[in-house]
Structure formats: C-alpha cells, structure tokens
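Asks: So here's data-v8.cif (mmCIF, C-alpha atoms (C1' of nucleotides)).
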```cif
data_data
loop_
_atom_site.label_atom_id
_atom_site.label_comp_id
_atom_site.auth_asym_id
_atom_site.auth_seq_id
_atom_site.Cartn_x
_atom_site.Cartn_y
_atom_site.Cartn_z
CA MET A 1 -83.47 43.07 -94.21
CA SER A 2 -82.26 43.96 -90.73
CA ASN A 3 -78.83 42.36 -91.13
CA PRO A 4 -78.06 40.63 -94.43
CA GLN A 5 -74.88 39.11 -93.07
CA SER A 6 -76.52 37.19 -90.23
CA VAL A 7 -79.30 36.00 -92.54
CA PHE A 8 -77.03 34.66 -95.28
CA LYS A 9 -74.66 33.16 -92.72
CA ALA A 10 -77.58 31.39 -91.11
CA LEU A 11 -78.71 30.00 -94.46
CA ALA A 12 -75.22 28.74 -95.30
CA ASP A 13 -75.39 25.71 -93.00
CA PRO A 14 -77.22 22.56 -94.17
CA THR A 15 -78.46 21.66 -90.69
CA ARG A 16 -79.97 25.10 -90.25
CA ARG A 17 -81.66 24.93 -93.64
CA ALA A 18 -83.08 21.54 -92.67
CA ILE A 19 -84.39 23.05 -89.44
CA LEU A 20 -86.16 25.74 -91.44
CA ARG A 21 -87.75 23.11 -93.68
CA LEU A 22 -88.91 21.21 -90.59
CA LEU A 23 -90.52 24.33 -89.18
CA ARG A 24 -92.26 24.85 -92.48
CA GLU A 25 -94.39 21.80 -91.57
CA ARG A 26 -95.28 22.94 -88.07
CA ASP A 27 -93.95 24.71 -84.99
CA MET A 28 -91.69 22.51 -82.88
CA THR A 29 -89.92 22.49 -79.55
CA ALA A 30 -86.13 22.49 -79.44
CA GLY A 31 -86.26 18.85 -78.35
CA GLU A 32 -88.46 17.79 -81.26
CA ILE A 33 -86.16 19.54 -83.68
CA ALA A 34 -83.07 17.95 -82.14
CA ALA A 35 -84.66 14.50 -82.48
CA HIS A 36 -84.40 14.86 -86.27
CA PHE A 37 -80.63 15.25 -86.33
CA PRO A 38 -77.65 13.09 -85.41
CA VAL A 39 -76.05 15.82 -83.29
CA THR A 40 -76.41 16.79 -79.64
CA ARG A 41 -79.11 19.06 -78.28
CA ALA A 42 -76.43 21.57 -77.41
CA SER A 43 -75.42 21.78 -81.04
CA ILE A 44 -79.01 22.25 -82.19
CA SER A 45 -79.46 24.91 -79.54
CA HIS A 46 -76.52 26.73 -81.06
CA HIS A 47 -78.03 26.54 -84.54
CA LEU A 48 -81.35 27.78 -83.23
CA ALA A 49 -79.62 30.73 -81.60
CA LEU A 50 -78.09 31.72 -84.95
CA LEU A 51 -81.42 31.34 -86.75
CA LYS A 52 -83.04 33.47 -84.07
CA GLN A 53 -80.34 36.10 -84.32
CA ALA A 54 -80.97 36.25 -88.06
CA ASN A 55 -84.66 36.64 -87.32
CA LEU A 56 -85.47 33.61 -89.46
CA VAL A 57 -87.23 31.98 -86.52
CA VAL A 58 -88.88 33.19 -83.35
CA ASP A 59 -89.13 31.34 -80.07
CA GLU A 60 -91.72 31.36 -77.37
CA ARG A 61 -91.54 29.61 -74.05
CA ARG A 62 -94.54 27.41 -73.37
CA GLY A 63 -94.13 25.98 -69.91
CA GLN A 64 -91.23 23.59 -69.82
CA HIS A 65 -90.76 23.80 -73.57
CA ILE A 66 -89.54 26.44 -75.94
CA VAL A 67 -91.43 26.42 -79.21
CA TYR A 68 -89.76 27.57 -82.40
CA SER A 69 -91.53 28.80 -85.50
CA LEU A 70 -90.61 30.38 -88.83
CA ASN A 71 -90.60 34.12 -89.23
CA THR A 72 -91.55 34.39 -92.89
CA THR A 73 -91.21 38.17 -92.88
CA VAL A 74 -87.45 37.92 -93.20
CA PHE A 75 -87.73 35.47 -96.08
CA GLN A 76 -89.59 38.13 -98.02
CA GLU A 77 -86.63 40.44 -97.47
CA VAL A 78 -84.12 37.86 -98.68
CA LEU A 79 -86.29 37.30 -101.71
CA ALA A 80 -86.31 41.02 -102.44
CA TRP A 81 -82.53 41.17 -102.10
CA LEU A 82 -82.03 38.32 -104.55
CA MET A 83 -84.65 39.54 -106.96
CA GLU A 84 -82.86 42.86 -107.21
CA LEU A 85 -79.85 40.95 -108.56
CA ALA A 86 -81.72 38.56 -110.81
CA ARG A 87 -84.01 41.16 -112.33
CA PRO A 88 -83.43 41.57 -116.07
CA GLU A 89 -81.88 44.90 -117.09
CA MET B 1 -80.56 24.26 -107.96
CA SER B 2 -77.56 22.15 -108.90
CA ASN B 3 -75.96 22.32 -105.46
CA PRO B 4 -77.72 24.34 -102.75
CA GLN B 5 -74.76 24.11 -100.43
CA SER B 6 -72.27 25.79 -102.74
CA VAL B 7 -74.78 28.49 -103.61
CA PHE B 8 -75.66 29.42 -100.05
CA LYS B 9 -72.03 29.21 -98.98
CA ALA B 10 -71.12 31.56 -101.80
CA LEU B 11 -73.79 34.04 -100.75
CA ALA B 12 -72.64 33.98 -97.11
CA ASP B 13 -69.60 36.22 -97.65
CA PRO B 14 -70.06 40.00 -97.84
CA THR B 15 -67.28 40.47 -100.40
CA ARG B 16 -68.84 37.89 -102.69
CA ARG B 17 -72.25 39.52 -102.41
CA ALA B 18 -70.66 42.86 -103.26
CA ILE B 19 -69.05 41.27 -106.31
CA LEU B 20 -72.47 40.05 -107.45
CA ARG B 21 -73.90 43.55 -107.05
CA LEU B 22 -71.02 44.94 -109.09
CA LEU B 23 -71.66 42.47 -111.89
CA ARG B 24 -75.30 43.48 -111.87
CA GLU B 25 -74.16 46.81 -113.35
CA ARG B 26 -72.00 45.34 -116.09
CA ASP B 27 -69.61 42.52 -116.90
CA MET B 28 -66.13 43.07 -115.53
CA THR B 29 -62.65 41.60 -115.68
CA ALA B 30 -61.13 40.09 -112.55
CA GLY B 31 -58.85 43.10 -112.30
CA GLU B 32 -61.70 45.61 -112.47
CA ILE B 33 -63.54 43.72 -109.78
CA ALA B 34 -60.45 43.54 -107.57
CA ALA B 35 -59.97 47.31 -107.89
CA HIS B 36 -63.19 47.78 -105.91
CA PHE B 37 -61.95 45.95 -102.81
CA PRO B 38 -59.20 46.43 -100.27
CA VAL B 39 -57.91 42.88 -100.61
CA THR B 40 -55.37 41.28 -102.92
CA ARG B 41 -56.15 40.04 -106.40
CA ALA B 42 -55.39 36.54 -105.18
CA SER B 43 -58.17 36.82 -102.63
CA ILE B 44 -60.65 38.12 -105.21
CA SER B 45 -59.64 35.32 -107.53
CA HIS B 46 -60.50 32.88 -104.76
CA HIS B 47 -63.92 34.49 -104.27
CA LEU B 48 -64.57 34.39 -107.99
CA ALA B 49 -63.70 30.70 -108.04
CA LEU B 50 -66.32 30.02 -105.35
CA LEU B 51 -68.94 32.09 -107.16
CA LYS B 52 -68.14 30.21 -110.35
CA GLN B 53 -68.36 26.87 -108.60
CA ALA B 54 -71.80 27.88 -107.32
CA ASN B 55 -72.73 28.81 -110.86
CA LEU B 56 -73.64 32.32 -109.75
CA VAL B 57 -71.19 33.75 -112.27
CA VAL B 58 -69.64 32.59 -115.51
CA ASP B 59 -66.25 33.57 -116.91
CA GLU B 60 -64.95 33.95 -120.41
CA ARG B 61 -61.42 34.66 -121.44
CA ARG B 62 -61.08 37.63 -123.77
CA GLY B 63 -57.46 37.89 -124.74
CA GLN B 64 -55.37 38.86 -121.76
CA HIS B 65 -58.43 39.36 -119.59
CA ILE B 66 -61.03 37.09 -118.08
CA VAL B 67 -64.46 38.64 -118.06
CA TYR B 68 -66.97 37.70 -115.37
CA SER B 69 -70.72 38.04 -115.61
CA LEU B 70 -73.78 37.08 -113.60
CA ASN B 71 -75.59 33.85 -114.28
CA THR B 72 -79.10 34.85 -113.31
CA THR B 73 -80.48 31.37 -113.93
CA VAL B 74 -79.20 30.18 -110.56
CA PHE B 75 -80.75 33.13 -108.77
CA GLN B 76 -84.13 31.95 -109.99
CA GLU B 77 -83.44 28.60 -108.35
CA VAL B 78 -82.47 30.19 -105.04
CA LEU B 79 -85.62 32.27 -105.22
CA ALA B 80 -87.70 29.15 -105.74
CA TRP B 81 -86.02 27.45 -102.79
CA LEU B 82 -86.74 30.36 -100.48
CA MET B 83 -90.25 30.88 -101.76
CA GLU B 84 -91.06 27.30 -100.93
CA LEU B 85 -90.27 28.11 -97.30
CA ALA B 86 -91.93 31.50 -97.16
CA ARG B 87 -95.10 30.47 -98.95
CA PRO B 88 -98.15 30.72 -96.68
CA GLU B 89 -99.71 27.39 -95.73
"C1'" DG C 1 -88.44 23.09 -51.29
"C1'" DG C 2 -86.68 19.38 -54.19
"C1'" DA C 3 -86.65 15.94 -57.95
"C1'" DA C 4 -87.31 15.52 -62.90
"C1'" DC C 5 -87.33 17.36 -67.35
"C1'" DA C 6 -86.10 20.79 -71.24
"C1'" DT C 7 -82.97 23.82 -72.92
"C1'" DT C 8 -79.03 26.80 -72.91
"C1'" DT C 9 -74.31 28.17 -71.73
"C1'" DA C 10 -69.35 27.37 -71.03
"C1'" DG C 11 -65.09 25.54 -72.22
"C1'" DA C 12 -62.34 22.69 -75.28
"C1'" DT C 13 -61.07 21.07 -79.78
"C1'" DA C 14 -60.79 19.95 -84.73
"C1'" DT C 15 -62.00 21.67 -89.04
"C1'" DC C 16 -63.16 25.31 -92.29
"C1'" DT C 17 -62.46 29.95 -94.32
"C1'" DG C 18 -60.51 34.38 -95.81
"C1'" DT C 19 -56.36 36.45 -96.45
"C1'" DC C 20 -51.60 37.22 -97.81
"C1'" DA C 21 -47.04 36.82 -100.31
"C1'" DA C 22 -44.79 34.40 -103.68
"C1'" DA C 23 -44.65 31.37 -107.53
"C1'" DA C 24 -46.91 29.56 -111.65
"C1'" DT C 25 -49.71 29.96 -115.88
"C1'" DA C 26 -51.58 32.35 -119.86
"C1'" DT C 27 -51.80 35.95 -123.36
"C1'" DC C 28 -50.25 39.82 -125.96
"C1'" DG C 29 -47.05 42.89 -128.52
"C1'" DA C 30 -42.55 44.12 -130.03
"C1'" DT D 1 -38.88 34.48 -128.35
"C1'" DC D 2 -38.76 37.92 -124.63
"C1'" DG D 3 -40.81 41.07 -121.51
"C1'" DA D 4 -44.96 43.04 -119.74
"C1'" DT D 5 -49.55 42.41 -118.12
"C1'" DA D 6 -53.54 39.66 -116.14
"C1'" DT D 7 -55.04 36.10 -113.44
"C1'" DT D 8 -54.75 31.90 -110.84
"C1'" DT D 9 -52.51 28.57 -107.82
"C1'" DT D 10 -49.83 27.23 -103.78
"C1'" DG D 11 -48.58 27.18 -99.10
"C1'" DA D 12 -49.06 29.26 -94.73
"C1'" DC D 13 -51.57 31.30 -90.97
"C1'" DA D 14 -55.03 33.70 -87.95
"C1'" DG D 15 -59.69 33.80 -86.91
"C1'" DA D 16 -64.35 31.80 -87.31
"C1'" DT D 17 -67.41 27.77 -86.85
"C1'" DA D 18 -69.58 23.20 -85.66
"C1'" DT D 19 -69.34 19.93 -82.45
"C1'" DC D 20 -68.81 17.62 -78.03
"C1'" DT D 21 -69.16 16.95 -72.80
"C1'" DA D 22 -70.26 18.90 -68.58
"C1'" DA D 23 -72.31 22.40 -65.92
"C1'" DA D 24 -75.91 25.95 -65.35
"C1'" DT D 25 -80.59 27.83 -65.85
"C1'" DG D 26 -85.54 27.72 -65.98
"C1'" DT D 27 -90.08 25.31 -65.33
"C1'" DT D 28 -93.35 21.94 -63.61
"C1'" DC D 29 -95.21 18.80 -60.39
"C1'" DC D 30 -95.36 16.57 -55.97
#
```
Please render this file's structure as structure tokens.
Replies:
Amino acid sequence: MSNPQSVFKALADPTRRAILRLLRERDMTAGEIAAHFPVTRASISHHLALLKQANLVVDERRGQHIVYSLNTTVFQEVLAWLMELARPE
Amino acid sequence: MSNPQSVFKALADPTRRAILRLLRERDMTAGEIAAHFPVTRASISHHLALLKQANLVVDERRGQHIVYSLNTTVFQEVLAWLMELARPE
DNA sequence: GGAACATTTAGATATCTGTCAAAATATCGA
DNA sequence: TCGATATTTTGACAGATATCTAAATGTTCC
C-alpha cells in the first residue's frame, strides 16, 4: 500500500473505524457523518483528514457539501499485507 | 476478534509490525528480537506486551529465555473485519 | 454583493504513547 | 546459595494525538 504507517494509524482509532463502517452503508457528507458521533464537527473533520491521507476514503465537493466515500482499493492492500503474515508456512 | 481496539492499536506502530514480520520467519526470544532494533530491551519488552495483549503473539518460557511466536488465529479475525468493509455491495 | 450554511483550519490543552535508565524478578550453573 | 544472564517492571519525560472553541474558507441563493 502507498503508506502502511498512515493506513494502520488511521485504523487505530475507534471513531475512524466507525466512520468507515458508516460509509460502508452509503456515501455521506461530513455533516451527516458528524451527526452520528458525540464530538464536534471540527473533530470529525480532523478524523476525515487522516482517513483521506491514508487513502481509505475519498472526498468530492458537491455544491455546499463535501461527500465522503470508501476507497476499497486500499483495503485490498491492507488485506494483502496481513495475509502475508497469516499465511501458513 | 476478542478486542478490535487492542489489535489495531498494536498494528499501528512500525516497530511492532516489524516484530510480527520477524516472527513470521521463526520463533524468537525477546533478546533475539531486541537485537534487530535500535531501541532498548525494555522498549521491546513493552512492545511485546502490547502484541501479547492483542493476542497477536504468544509467549512461552523456555528456561532462561522467553520465546515469542505469532498467533495467526487473530490475523484471520482482522482479515474478516477488513473484508467486511471492502466487500463489494 | 451579502446573508446563511457546510466544512475546515488554527490555537490551546489534556491525555496517550514510545522511549530511556535503573531497579526488580526469574532462571540457570557452579 | 551466589553470580551471571534474560527479561520485565517502574518512574520519568518528550513528542504525538484527540478534543474543544473560535475564526477562516468556500458555496449557494436572494
């Protein structure tokens, strides 16, 4: 994967993992995502920035909103990394 | 998996991931593992404790030494977790 | 252009994390 | 039992991280 460190770091936070599970259902705006958590929008924005940096999500401005969606490509790379470890001798 | 948080936290550190890759080759004592890194044995011991807590490794005392080895079972659970996200709709 | 809305950025702060040196624990061999 | 070796635990500290409030940016609609 492009940068293992940023990916694993991104996955290490429970809020960010919850965001990923949300986006599994459907694409959402930053505001919709924030509505699911008991933290400020600023905080969610920060988490989204880290997920974006790790390439786990992509964002696209749609008028007033910014829509986030999963980038499953990177998940495949994490899977490959882990499988290399778990693979029987 | 038993506790997703401890597993992902454990995977978030580059030294700990390197330790896992080392153990993929063969089981090693704490000392052998420490010899591969430019940090103190105390620090490696700390990393090993986190990996153990996450169930990613198991340890077994063999006389003077403590031998560490991978516990691939947990990797399967991480894989399943990620696959659930990456799976196409 | 200006008000209203959506989101991010900046600055501050408390907590978490990785690291070290030193002390403690455990095992072996003489 | 004593001394040597292997590893962990403790206590401290610098740097990273999650969070907040407030300010800044970008977009739409009138």
Asks: Counting all atoms listed in the file, which of A:Asn3, A:Thr29, A:Asn71, A:Ser43 gets nearest to DA18 in chain D?
Replies: A:Ser43
Asks: Using only C-alpha atoms (C1' of nucleotides) and a cut-off of 12 Å, which residues of chain D sit close to chain A? Please list them as number ranges by chain.
Replies: D: 16-22, 26-29
Asks: Based on all atoms listed in the file, which of the residues in chain B come within 9 Å of chain A? I want them as a ChimeraX atom specification.
Replies: /B:4-14,20-21,23-25,70-76,78-79,82-89
Asks: Output the contact residues of chain C with respect to chain A at a cut-off of 12 Å, based on all atoms listed in the file, as a PyMOL selection string.
Replies: chain C and resi 4-10
Asks: Quick one: everything within 12 Å of DT25 in chain C, counting all atoms listed in the file, minus sequence neighbours fewer than 4 positions away in the same chain. Send it as an MDAnalysis selection string.
Replies: chainID D and resid 6:9
Asks: Please produce an output containing C-alpha atoms (C1' of nucleotides) for each residue in the selection, written as a short mmCIF file (atom, residue, chain, number, x, y, z; two decimals), in the coordinates of the input.
Replies:
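Wrote it out as part30.cif, contents follow:
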```cif
data_model
loop_
_atom_site.label_atom_id
_atom_site.label_comp_id
_atom_site.auth_asym_id
_atom_site.auth_seq_id
_atom_site.Cartn_x
_atom_site.Cartn_y
_atom_site.Cartn_z
"C1'" DA D 6 -53.54 39.66 -116.14
"C1'" DT D 7 -55.04 36.10 -113.44
"C1'" DT D 8 -54.75 31.90 -110.84
"C1'" DT D 9 -52.51 28.57 -107.82
#
```
Asks: With all atoms listed in the file as the atoms that count, which of C:DA3, C:DG11, C:DC28, C:DA23 lies nearest to DG3 in chain D?
Replies: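 Among C:DA3, C:DG11, C:DC28, C:DA23, it is C:DC28 that comes nearest to DG3 in chain D.
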Asks: Step by step, gather every atom of range 23-39 of chain B that the file lists, find the box along x, y and z that holds them, add 4 Å on each side, and finally give centre and edge lengths in Å to one decimal, as JSON.
Replies:
```
{"center_x": -66.6, "center_y": 43.9, "center_z": -108.6, "size_x": 25.4, "size_y": 15.7, "size_z": 24.6}
```
Asks: Separation of CA of Pro38 in chain A and C1' of DT25 in chain D, in Å?
Replies: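 Computing it gives 24.7 Å between the two atoms.
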Asks: Since the input lacks some atoms of range 15-34 of chain A, please model N, CA and C atoms and print them as a compact mmCIF listing (two decimals), keeping the file's coordinate frame.
Replies:
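Generated output (out.txt):
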```txt
# COMPACT_ATOMS: atom_id res chain seq x y z
N THR A 15 -77.60 22.02 -91.82
CA THR A 15 -78.46 21.66 -90.69
C THR A 15 -79.48 22.75 -90.43
N ARG A 16 -79.03 24.00 -90.50
CA ARG A 16 -79.97 25.10 -90.25
C ARG A 16 -81.03 25.18 -91.34
N ARG A 17 -80.64 24.92 -92.58
CA ARG A 17 -81.66 24.93 -93.64
C ARG A 17 -82.66 23.80 -93.41
N ALA A 18 -82.17 22.66 -92.95
CA ALA A 18 -83.08 21.54 -92.67
C ALA A 18 -84.03 21.90 -91.53
N ILE A 19 -83.54 22.61 -90.54
CA ILE A 19 -84.39 23.05 -89.44
C ILE A 19 -85.51 23.95 -89.97
N LEU A 20 -85.16 24.84 -90.87
CA LEU A 20 -86.16 25.74 -91.44
C LEU A 20 -87.23 24.94 -92.20
N ARG A 21 -86.78 23.92 -92.94
CA ARG A 21 -87.75 23.11 -93.68
C ARG A 21 -88.67 22.35 -92.73
N LEU A 22 -88.09 21.89 -91.60
CA LEU A 22 -88.91 21.21 -90.59
C LEU A 22 -89.99 22.15 -90.07
N LEU A 23 -89.58 23.36 -89.76
CA LEU A 23 -90.52 24.33 -89.18
C LEU A 23 -91.56 24.79 -90.18
N ARG A 24 -91.27 24.55 -91.46
CA ARG A 24 -92.26 24.85 -92.48
C ARG A 24 -93.50 23.97 -92.27
N GLU A 25 -93.28 22.74 -91.80
CA GLU A 25 -94.39 21.80 -91.57
C GLU A 25 -95.25 22.24 -90.39
N ARG A 26 -94.55 22.49 -89.26
CA ARG A 26 -95.28 22.94 -88.07
C ARG A 26 -94.29 23.46 -87.04
N ASP A 27 -94.79 24.23 -86.08
CA ASP A 27 -93.95 24.71 -84.99
C ASP A 27 -93.46 23.51 -84.19
N MET A 28 -92.26 23.62 -83.64
CA MET A 28 -91.69 22.51 -82.88
C MET A 28 -90.88 23.02 -81.69
N THR A 29 -90.77 22.16 -80.68
CA THR A 29 -89.92 22.49 -79.55
C THR A 29 -88.47 22.18 -79.94
N ALA A 30 -87.54 22.74 -79.18
CA ALA A 30 -86.13 22.49 -79.44
C ALA A 30 -85.84 20.99 -79.41
N GLY A 31 -86.46 20.29 -78.48
CA GLY A 31 -86.26 18.85 -78.35
C GLY A 31 -86.75 18.10 -79.57
N GLU A 32 -87.92 18.45 -80.06
CA GLU A 32 -88.46 17.79 -81.26
C GLU A 32 -87.55 18.01 -82.45
N ILE A 33 -87.07 19.23 -82.58
CA ILE A 33 -86.16 19.54 -83.68
C ILE A 33 -84.90 18.70 -83.56
N ALA A 34 -84.32 18.68 -82.36
CA ALA A 34 -83.07 17.95 -82.14
C ALA A 34 -83.22 16.47 -82.48
```
